[in-house]
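Enquirer: Have a look at this one.
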Amino acid sequence: MLSESYNNIATFLTNTFGGNFIFLTIVITTAVSIAYFVVISYFIVKMDKGYFLRKQLSDTDINVVPPDTLMTSSVSGVVKIAKIIFGVFLLVCGIAMLVLPGQGLITMVIGLSMIPFPGKNKIEQNLLSRKSVRTSLNWIRIKANKEPFIFD
């Protein structure tokens with residue numbers, strides 16, 4: 001029964017799209033997956049090892065930076081908007097990768113870390129509480145000769 005369904009699907013795809021198109025699709029998907037893994041690995045390696053620690057800020061921890069050293073408000077606003085858009089893009093890609101090939105949960109963690117919204121830390125900590133996510137993140141950092149992340 002299952003092999004018959006598979007043969008029907010394979011015949012339909014081959015007759016509709018042709019063997020070359022299917023092969024090209026497989027090659028492009030593989031190349032994009034490899035490129036994506038390299039880019040995500042780069043971002044994970046560049047993050048600080050204590051990035052995922054929850055910080056309890058007190059009044060003495062807050063440093064006042066003179067306005068002269070900050071970016072202009074328009075440039076900083078554009079950077080914040082670009083960061084949010086990129087974070088939403090990564091979040092959507094991560095959700096899609098839950099059923100498609102790729103590092104879905106890791107992509108979602110990175111996307112969520114770029115988006116400011118209420119309850120962000122709780123969702124991040126929920127994803128980071130999974131052993132598979134922590135192991136994957138630290139495996140990438142260890143392969144790059146970086147210290148592993150410190151989690152709560």
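Note on naming: chains are A, B, ... as they come in the structure tokens, residues start from 1 per chain, ligands start from 1 in the order shown.
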At a cut-off of 10 Å, can you tabulate as a tab-separated table every residue of range 15-61 of chain A near range 110-128 of chain A together with its closest atom pair and the distance in Å to one decimal, using only C-alpha atoms and ordering rows by chain then number?
Expert:
residue	atom	partner	partner_atom	distance
A:Ile40	CA	A:Ile110	CA	8.6
A:Phe43	CA	A:Ile110	CA	8.6
A:Ile44	CA	A:Ile110	CA	8.3
A:Tyr51	CA	A:Ser113	CA	9.5
A:Phe52	CA	A:Gln125	CA	8.1
A:Leu53	CA	A:Gln125	CA	9.3
A:Arg54	CA	A:Asn121	CA	7.8
Enquirer: Taking into account only C-alpha atoms, which residue in the set A:Gly87, A:Gly102, A:Pro148, A:Gly77 is nearest to Ala35 in chain A?
Expert: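 For Ala35 in chain A, the nearest of the candidates is A:Gly102.
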Enquirer: For range 75-130 of chain A against range 15-34 of chain A, with a cut-off of 12 Å and counting only C-alpha atoms, what is the closest atom pair and its distance in Å to one decimal for every residue that makes the cut, ordered by chain and number, as JSON lines?
Expert:
{"residue": "A:Cys93", "atom": "CA", "partner": "A:Ser33", "partner_atom": "CA", "distance": 11.7}
{"residue": "A:Met97", "atom": "CA", "partner": "A:Ser33", "partner_atom": "CA", "distance": 10.3}
{"residue": "A:Leu100", "atom": "CA", "partner": "A:Ser33", "partner_atom": "CA", "distance": 10.2}
{"residue": "A:Pro101", "atom": "CA", "partner": "A:Ser33", "partner_atom": "CA", "distance": 7.5}
{"residue": "A:Gly102", "atom": "CA", "partner": "A:Ser33", "partner_atom": "CA", "distance": 6.5}
{"residue": "A:Gln103", "atom": "CA", "partner": "A:Ser33", "partner_atom": "CA", "distance": 9.2}
{"residue": "A:Gly104", "atom": "CA", "partner": "A:Ser33", "partner_atom": "CA", "distance": 11.6}
Enquirer: Which one of A:Met47, A:Met108, A:Leu137, A:Ile150 sits closest to Phe86 in chain A if you count only C-alpha atoms?
Expert: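 The closest residue to Phe86 in chain A is A:Met108.
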Enquirer: Got a sec: who's within 12 Å of Lys143 in chain A, counting only C-alpha atoms, leaving out chain neighbours fewer than 3 positions off, as a ChimeraX atom specification?
Expert: /A:41-42,44-45,136-140,146-148
